[in-house]
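*Asks:* Just one file: protein-v4.txt, with compact mmCIF, C-alpha atoms and all ligand atoms.
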# COMPACT_ATOMS: atom_id res chain seq x y z
CA MET A 1 34.79 -11.44 24.73
CA VAL A 2 34.62 -8.21 26.67
CA GLY A 3 36.01 -5.34 24.66
CA ILE A 4 35.88 -7.13 21.34
CA VAL A 5 33.86 -5.36 18.68
CA VAL A 6 31.94 -7.93 16.72
CA ARG A 7 31.93 -7.37 13.00
CA ILE A 8 30.00 -9.84 10.95
CA ALA A 9 30.60 -10.09 7.24
CA ILE A 10 27.80 -11.65 5.28
CA LEU A 11 27.81 -12.61 1.68
CA ASP A 12 24.89 -10.93 0.05
CA ARG A 13 24.16 -13.33 -2.79
CA SER A 14 21.76 -11.06 -4.66
CA GLN A 15 24.47 -8.43 -4.92
CA SER A 16 27.41 -10.87 -5.05
CA ARG A 17 29.40 -8.83 -2.64
CA VAL A 18 30.32 -8.85 0.98
CA LYS A 19 28.69 -6.32 3.25
CA VAL A 20 29.78 -5.55 6.74
CA ILE A 21 27.09 -5.20 9.33
CA ARG A 22 28.37 -3.03 12.15
CA GLY A 23 28.20 -4.38 15.65
CA ASP A 24 25.97 -1.46 16.53
CA MET A 25 23.57 -0.62 13.71
CA ALA A 26 22.85 -1.55 10.14
CA ARG A 27 21.62 1.36 8.09
CA ALA A 28 19.79 1.85 4.84
CA LEU A 29 19.41 4.98 2.75
CA ILE A 30 15.99 5.36 1.13
CA ILE A 31 15.95 7.75 -1.82
CA VAL A 32 12.27 8.54 -2.36
CA ASP A 33 10.90 9.19 -5.87
CA PHE A 34 13.81 11.13 -7.34
CA GLN A 35 12.21 10.89 -10.78
CA ASN A 36 11.91 13.04 -13.88
CA ASP A 37 8.24 13.87 -13.37
CA PHE A 38 8.95 15.36 -9.92
CA THR A 39 11.75 17.60 -11.16
CA PRO A 40 11.48 20.86 -13.17
CA GLY A 41 10.16 20.09 -16.67
CA GLY A 42 8.29 17.03 -15.41
CA ALA A 43 4.54 16.43 -15.12
CA LEU A 44 4.32 17.21 -11.39
CA PRO A 45 7.44 19.25 -10.68
CA VAL A 46 8.59 19.88 -7.14
CA PRO A 47 10.15 23.37 -7.01
CA ASP A 48 13.94 22.95 -7.06
CA GLY A 49 13.42 19.20 -6.95
CA ASP A 50 16.57 18.66 -9.00
CA GLN A 51 18.67 20.66 -6.52
CA ILE A 52 18.99 17.75 -4.10
CA SER A 53 20.98 15.54 -6.47
CA GLU A 54 24.39 16.45 -5.06
CA ARG A 55 23.27 15.78 -1.52
CA ILE A 56 21.65 12.48 -2.48
CA ASN A 57 24.77 11.34 -4.33
CA GLU A 58 26.93 12.40 -1.38
CA LEU A 59 24.80 10.36 1.02
CA ALA A 60 24.75 7.33 -1.28
CA ALA A 61 28.54 7.42 -1.68
CA SER A 62 29.28 8.13 1.98
CA GLY A 63 29.92 4.54 3.02
CA GLU A 64 27.51 5.07 5.93
CA PHE A 65 24.89 2.76 4.49
CA ASP A 66 24.73 -1.00 4.21
CA LEU A 67 21.97 -0.76 1.64
CA VAL A 68 20.86 2.00 -0.74
CA VAL A 69 17.25 1.80 -1.93
CA ALA A 70 15.58 4.05 -4.50
CA THR A 71 11.79 4.09 -4.67
CA ARG A 72 9.88 4.99 -7.81
CA ASP A 73 6.30 6.19 -8.05
CA TRP A 74 5.13 3.73 -10.71
CA HIS A 75 1.47 4.18 -11.59
CA PRO A 76 -0.81 2.41 -14.04
CA PRO A 77 -2.17 4.83 -16.71
CA GLU A 78 -5.60 5.03 -15.05
CA HIS A 79 -4.37 5.55 -11.51
CA GLY A 80 -6.95 6.89 -9.07
CA SER A 81 -4.73 9.83 -8.04
CA PHE A 82 -4.85 11.28 -11.58
CA ALA A 83 -7.25 14.14 -12.37
CA THR A 84 -8.56 12.08 -15.31
CA SER A 85 -9.78 9.54 -12.69
CA GLY A 86 -11.08 12.18 -10.29
CA GLY A 87 -7.87 12.43 -8.23
CA PRO A 88 -5.84 15.46 -7.13
CA TRP A 89 -2.81 15.18 -9.42
CA PRO A 90 -1.99 15.52 -13.09
CA GLN A 91 -0.99 12.25 -14.71
CA HIS A 92 2.56 11.48 -13.57
CA CYS A 93 5.03 8.61 -13.24
CA VAL A 94 3.18 6.23 -15.50
CA ALA A 95 4.99 2.91 -15.27
CA GLY A 96 7.70 2.63 -17.91
CA SER A 97 7.38 6.24 -19.16
CA ASP A 98 10.31 8.67 -19.38
CA GLY A 99 8.76 10.71 -16.59
CA ALA A 100 8.90 7.71 -14.28
CA GLN A 101 12.63 7.10 -14.75
CA LEU A 102 15.04 8.01 -11.99
CA HIS A 103 16.55 11.45 -12.61
CA SER A 104 19.71 11.29 -14.70
CA SER A 105 21.71 13.25 -12.09
CA LEU A 106 21.35 10.36 -9.64
CA ASP A 107 24.44 8.16 -9.59
CA GLN A 108 22.65 4.86 -10.03
CA ARG A 109 25.83 2.86 -9.49
CA ARG A 110 25.26 3.56 -5.80
CA VAL A 111 21.72 2.20 -5.79
CA ASP A 112 21.43 -1.43 -4.67
CA VAL A 113 17.69 -1.93 -5.06
CA VAL A 114 14.84 -0.12 -6.84
CA ILE A 115 11.37 -0.44 -5.29
CA ASP A 116 8.33 0.43 -7.41
CA LYS A 117 5.25 1.66 -5.55
CA GLY A 118 1.87 3.20 -6.29
CA GLN A 119 0.94 0.33 -8.58
CA ASP A 120 -2.47 -0.28 -7.01
CA PRO A 121 -4.89 1.99 -8.96
CA ASP A 122 -7.12 2.46 -5.91
CA THR A 123 -4.68 3.80 -3.31
CA GLU A 124 -2.42 6.86 -3.40
CA GLY A 125 0.63 4.75 -2.69
CA TYR A 126 2.59 7.64 -1.18
CA SER A 127 4.61 5.41 1.12
CA GLY A 128 7.45 3.22 -0.09
CA PHE A 129 6.17 0.60 2.37
CA GLU A 130 2.65 0.46 0.94
CA GLY A 131 2.09 -2.66 -1.16
CA THR A 132 5.82 -3.31 -1.64
CA GLY A 133 8.41 -5.70 -0.27
CA LEU A 134 10.42 -2.88 1.32
CA GLU A 135 9.84 -3.76 4.98
CA ARG A 136 10.63 -7.42 4.41
CA MET A 137 13.80 -6.54 2.51
CA LEU A 138 15.05 -4.22 5.24
CA ARG A 139 14.37 -6.84 7.90
CA ASP A 140 15.99 -9.63 5.89
CA ARG A 141 19.12 -7.51 5.67
CA GLY A 142 19.15 -6.72 9.38
CA ILE A 143 18.55 -3.00 8.93
CA ASP A 144 17.77 -1.09 12.15
CA GLU A 145 17.90 2.47 10.95
CA VAL A 146 16.89 4.27 7.79
CA ALA A 147 17.87 7.67 6.48
CA ILE A 148 15.38 9.21 4.11
CA CYS A 149 15.88 11.77 1.35
CA GLY A 150 14.09 12.60 -1.91
CA LEU A 151 10.75 13.95 -3.09
CA ALA A 152 8.29 15.18 -2.03
CA THR A 153 8.66 16.21 1.62
CA ASP A 154 4.93 16.70 2.19
CA TYR A 155 3.76 13.48 0.47
CA CYS A 156 5.96 10.50 -0.25
CA VAL A 157 8.86 11.42 2.04
CA LYS A 158 6.47 12.06 4.94
CA ASN A 159 4.45 8.89 4.43
CA THR A 160 7.53 6.73 3.94
CA ALA A 161 9.14 8.13 7.11
CA ILE A 162 6.02 7.61 9.21
CA ASP A 163 5.54 4.04 7.94
CA ALA A 164 9.21 3.27 8.66
CA LEU A 165 8.69 4.45 12.24
CA ARG A 166 5.50 2.37 12.55
CA ALA A 167 7.45 -0.65 11.34
CA GLY A 168 9.90 -0.07 14.18
CA PHE A 169 12.91 1.37 12.34
CA ARG A 170 14.85 4.34 13.62
CA VAL A 171 14.37 7.13 11.14
CA CYS A 172 16.50 10.14 10.19
CA VAL A 173 15.21 12.53 7.56
CA ASP A 174 17.99 14.41 5.78
CA GLU A 175 16.75 17.97 5.63
CA ARG A 176 19.19 19.03 2.91
CA GLY A 177 18.20 16.05 0.79
CA ILE A 178 14.46 16.73 0.53
CA ARG A 179 12.17 19.18 -1.28
CA GLY A 180 8.39 19.52 -1.17
CA VAL A 181 5.50 20.85 -3.20
CA ASP A 182 3.74 23.10 -0.63
CA VAL A 183 0.36 23.02 -2.42
CA HIS A 184 -0.87 24.90 0.65
CA PRO A 185 1.89 27.18 1.94
CA GLY A 186 3.35 25.68 5.12
CA ASP A 187 2.71 22.04 4.13
CA CYS A 188 6.41 21.19 4.14
CA LYS A 189 6.93 22.77 7.55
CA ARG A 190 3.93 20.89 8.89
CA ALA A 191 5.17 17.64 7.34
CA ILE A 192 8.52 18.05 9.08
CA GLY A 193 6.69 18.69 12.35
CA GLU A 194 4.59 15.54 11.87
CA MET A 195 7.64 13.40 11.13
CA ARG A 196 9.43 14.75 14.20
CA GLU A 197 6.32 14.21 16.31
CA ALA A 198 6.15 10.59 15.11
CA GLY A 199 9.73 10.06 16.27
CA ALA A 200 11.96 10.90 13.30
CA VAL A 201 15.23 12.74 13.77
CA ILE A 202 15.37 15.64 11.32
CA GLY A 203 18.92 16.60 10.52
C1 LIG B 301 4.12 12.08 -4.84
C2 LIG B 301 2.20 13.24 -5.35
C3 LIG B 301 1.74 12.18 -6.09
C4 LIG B 301 5.46 12.08 -4.16
C5 LIG B 301 3.68 11.01 -5.58
O1 LIG B 301 6.38 11.36 -4.63
O2 LIG B 301 5.61 12.78 -3.15
N1 LIG B 301 3.37 13.18 -4.73
N2 LIG B 301 2.49 11.07 -6.19
ZN ZN B 302 2.00 9.54 -7.56
Would you kindly transcribe this structure into structure tokens?
*Replies:*
Amino acid sequence: MVGIVVRIAILDRSQSRVKVIRGDMARALIIVDFQNDFTPGGALPVPDGDQISERINELAASGEFDLVVATRDWHPPEHGSFATSGGPWPQHCVAGSDGAQLHSSLDQRRVDVVIDKGQDPDTEGYSGFEGTGLERMLRDRGIDEVAICGLATDYCVKNTAIDALRAGFRVCVDERGIRGVDVHPGDCKRAIGEMREAGAVIG
């Protein structure tokens, strides 16, 4: 078998289509919280948060990924992170609200799976891996490597990337496909440093 590249085609029943897992690596794209409330005009806008849509759509359509996941911050109305409950943030991404919908500039035809997070009222739920089936899903589909884009660099992108590394995935963070809030100036820069330090490739 020397010299033969093994390509395994599996029928993914949930998607009713055949995916090819490369002999080398299977990759997923994770689009973090690209939602109305995190874009200008929303309840907790990330400056220029809408500007990453072209890059996200380009990544999702690139053919580089075996699976495209979009996470949504999806909070109950009394979530502990809301100022009304003593938390740091204005009310945002209440489950089912317009603000919680994926931004209309995202080409949702490219999204295979949507993962809702932040549903536990008592934890921040910044990471897409926290209290969700994301890790299991990636493992079930043989994913080795994840690329991460979305919002916000210094919160949900950072925590998702660090949890992905902890779970043993290789992680690339797409620098052109992220934006952050920078509540304290320098937060985004520090977040990128922390992700790199934890083992992520920033590119
Ligand atoms: C986020 C603050 C509060 C994020 C979510 O998606 O980065 N930030 N909830
Ligand atoms: Zn939130």
*Asks:* Go through A:Glu194, A:Asp116, A:Glu135, A:Asp144 and flag the residue nearest Asp24 (chain A), using all atoms listed in the file for the distances.
*Replies:*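 Closest to Asp24 (chain A), using all atoms listed in the file: A:Asp144.
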*Asks:* List all protein, DNA and RNA residues that have an atom no more than 8 Å from any atom of ligand LIG 301 (chain B), counting all atoms listed in the file, and report them as an NGL selection string.
*Replies:* :A and (32-34 or 38 or 44 or 72-73 or 81 or 89 or 92-93 or 118 or 124-126 or 151-157 or 180)
*Asks:* Could you dump the residues just selected with C-alpha atoms as a PDB file, in the frame of the given file?
*Replies:*
ATOM      1  CA  VAL A  32      12.270   8.540  -2.360  1.00  0.00           C
ATOM      2  CA  ASP A  33      10.900   9.190  -5.870  1.00  0.00           C
ATOM      3  CA  PHE A  34      13.810  11.130  -7.340  1.00  0.00           C
ATOM      4  CA  PHE A  38       8.950  15.360  -9.920  1.00  0.00           C
ATOM      5  CA  LEU A  44       4.320  17.210 -11.390  1.00  0.00           C
ATOM      6  CA  ARG A  72       9.880   4.990  -7.810  1.00  0.00           C
ATOM      7  CA  ASP A  73       6.300   6.190  -8.050  1.00  0.00           C
ATOM      8  CA  SER A  81      -4.730   9.830  -8.040  1.00  0.00           C
ATOM      9  CA  TRP A  89      -2.810  15.180  -9.420  1.00  0.00           C
ATOM     10  CA  HIS A  92       2.560  11.480 -13.570  1.00  0.00           C
ATOM     11  CA  CYS A  93       5.030   8.610 -13.240  1.00  0.00           C
ATOM     12  CA  GLY A 118       1.870   3.200  -6.290  1.00  0.00           C
ATOM     13  CA  GLU A 124      -2.420   6.860  -3.400  1.00  0.00           C
ATOM     14  CA  GLY A 125       0.630   4.750  -2.690  1.00  0.00           C
ATOM     15  CA  TYR A 126       2.590   7.640  -1.180  1.00  0.00           C
ATOM     16  CA  LEU A 151      10.750  13.950  -3.090  1.00  0.00           C
ATOM     17  CA  ALA A 152       8.290  15.180  -2.030  1.00  0.00           C
ATOM     18  CA  THR A 153       8.660  16.210   1.620  1.00  0.00           C
ATOM     19  CA  ASP A 154       4.930  16.700   2.190  1.00  0.00           C
ATOM     20  CA  TYR A 155       3.760  13.480   0.470  1.00  0.00           C
ATOM     21  CA  CYS A 156       5.960  10.500  -0.250  1.00  0.00           C
ATOM     22  CA  VAL A 157       8.860  11.420   2.040  1.00  0.00           C
ATOM     23  CA  GLY A 180       8.390  19.520  -1.170  1.00  0.00           C
TER      24      GLY A 180
END
*Asks:* Pick from A:Ala83, A:Ile192, A:Ile178, A:Val68: nearest to ligand ZN 302 (chain B), with all atoms listed in the file counted?
*Replies:* A:Ala83
*Asks:* Have a look at A:Gly177, A:Gly193, A:Pro45, A:Gly142 and name the one nearest to ligand ZN 302 (chain B); count only C-alpha atoms and all ligand atoms.
*Replies:* A:Pro45
*Asks:* Grab the CA of Val181 (chain A) to CA of Asp50 (chain A) distance for me, in Å with one decimal place.
*Replies:*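 Answer for the CA of Val181 (chain A) to CA of Asp50 (chain A) separation: 12.7 Å.
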*Asks:* Calculate how many Å separate CA of Ala43 (chain A) from CA of Gly99 (chain A), rounding to one decimal.
*Replies:* 7.3 Å
*Asks:* Give the answer as one residue: which of A:Leu134, A:Ile162, A:Val94, A:Ile202 has the shortest atom-to-atom distance to ligand ZN 302 (chain B), using all atoms listed in the file?
*Replies:*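 Residue with the minimum atom-to-atom distance to ligand ZN 302 (chain B): A:Val94.
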*Asks:* Identify, on the basis of all atoms listed in the file, every residue whose closest approach to Ala95 (chain A) does not exceed 12 Å; exclude the query and any residue fewer than 4 positions from it along the same chain; express the result as a list in words.
*Replies:* Gln35, Asp37, Arg72, Asp73, Trp74, His75, Pro76, Pro77, Glu78, His79, Gln91, Gly99, Ala100, Gln101, Leu102, Asp116, Lys117, Gly118, Gln119, Asp120 and Pro121 of chain A
*Asks:* Store the residues picked out above, limited to C-alpha atoms, as a CSV table (one decimal), keeping the file's coordinate frame.
*Replies:*
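The resulting selection-v9.csv:
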chain,number,residue,atom,x,y,z
A,35,GLN,CA,12.2,10.9,-10.8
A,37,ASP,CA,8.2,13.9,-13.4
A,72,ARG,CA,9.9,5.0,-7.8
A,73,ASP,CA,6.3,6.2,-8.0
A,74,TRP,CA,5.1,3.7,-10.7
A,75,HIS,CA,1.5,4.2,-11.6
A,76,PRO,CA,-0.8,2.4,-14.0
A,77,PRO,CA,-2.2,4.8,-16.7
A,78,GLU,CA,-5.6,5.0,-15.0
A,79,HIS,CA,-4.4,5.6,-11.5
A,91,GLN,CA,-1.0,12.2,-14.7
A,99,GLY,CA,8.8,10.7,-16.6
A,100,ALA,CA,8.9,7.7,-14.3
A,101,GLN,CA,12.6,7.1,-14.8
A,102,LEU,CA,15.0,8.0,-12.0
A,116,ASP,CA,8.3,0.4,-7.4
A,117,LYS,CA,5.2,1.7,-5.6
A,118,GLY,CA,1.9,3.2,-6.3
A,119,GLN,CA,0.9,0.3,-8.6
A,120,ASP,CA,-2.5,-0.3,-7.0
A,121,PRO,CA,-4.9,2.0,-9.0
*Asks:* So the first atom is CA of Ala28 (chain A) and the second is CA of Glu175 (chain A); what is the distance between them in Å, to one decimal place?
*Replies:* 16.4 Å
*Asks:* Residues at most 9 Å from Arg141 (chain A), counting all atoms listed in the file, excluding those fewer than 2 positions away in the same chain, as a list in words?
*Replies:*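 In the requested format, the answer is Asp12, Ala26, Asp66, Leu67, Arg136, Met137, Leu138, Arg139 and Ile143 of chain A.
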*Asks:* Please produce an output containing C-alpha atoms for each residue in the selection, written as a short mmCIF file (atom, residue, chain, number, x, y, z; two decimals), keeping the file's coordinate frame.
*Replies:*
data_model
loop_
_atom_site.label_atom_id
_atom_site.label_comp_id
_atom_site.auth_asym_id
_atom_site.auth_seq_id
_atom_site.Cartn_x
_atom_site.Cartn_y
_atom_site.Cartn_z
CA ASP A 12 24.89 -10.93 0.05
CA ALA A 26 22.85 -1.55 10.14
CA ASP A 66 24.73 -1.00 4.21
CA LEU A 67 21.97 -0.76 1.64
CA ARG A 136 10.63 -7.42 4.41
CA MET A 137 13.80 -6.54 2.51
CA LEU A 138 15.05 -4.22 5.24
CA ARG A 139 14.37 -6.84 7.90
CA ILE A 143 18.55 -3.00 8.93
#
*Asks:* Rank nothing, just name the residue among A:Arg109, A:Asp163, A:Gly42, A:Val171 nearest to Pro90 (chain A), using only C-alpha atoms.
*Replies:*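 When distances to Pro90 (chain A) are compared using only C-alpha atoms, the smallest one comes from A:Gly42.
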*Asks:* Set the distance at 10 Å and use all atoms listed in the file: which residues neighbour Gln108 (chain A) once local chain neighbours fewer than 5 positions away are removed? I'd like the list as a ChimeraX atom specification.
*Replies:* /A:57,60,68,70,102-103,113-114
*Asks:* Residues of the last selection are to be written out with C-alpha atoms, as a PDB file, in the frame of the given file.
*Replies:*
ATOM      1  CA  ASN A  57      24.770  11.340  -4.330  1.00  0.00           C
ATOM      2  CA  ALA A  60      24.750   7.330  -1.280  1.00  0.00           C
ATOM      3  CA  VAL A  68      20.860   2.000  -0.740  1.00  0.00           C
ATOM      4  CA  ALA A  70      15.580   4.050  -4.500  1.00  0.00           C
ATOM      5  CA  LEU A 102      15.040   8.010 -11.990  1.00  0.00           C
ATOM      6  CA  HIS A 103      16.550  11.450 -12.610  1.00  0.00           C
ATOM      7  CA  VAL A 113      17.690  -1.930  -5.060  1.00  0.00           C
ATOM      8  CA  VAL A 114      14.840  -0.120  -6.840  1.00  0.00           C
TER       9      VAL A 114
END
*Asks:* Go through A:Val46, A:Val111, A:Arg170, A:Gly150 and flag the residue nearest Arg196 (chain A), using all atoms listed in the file for the distances.
*Replies:*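 Checking each of A:Val46, A:Val111, A:Arg170, A:Gly150 against Arg196 (chain A), counting all atoms listed in the file, the winner is A:Arg170.
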*Asks:* Give me the residues near Glu54 (chain A) as a list in words, where near means some atom within 10 Å (using only C-alpha atoms) and where sequence neighbours in that chain fewer than 5 positions away do not count.
*Replies:* Leu59, Ala60, Ser105, Leu106, Asp107, Arg176 and Gly177 of chain A
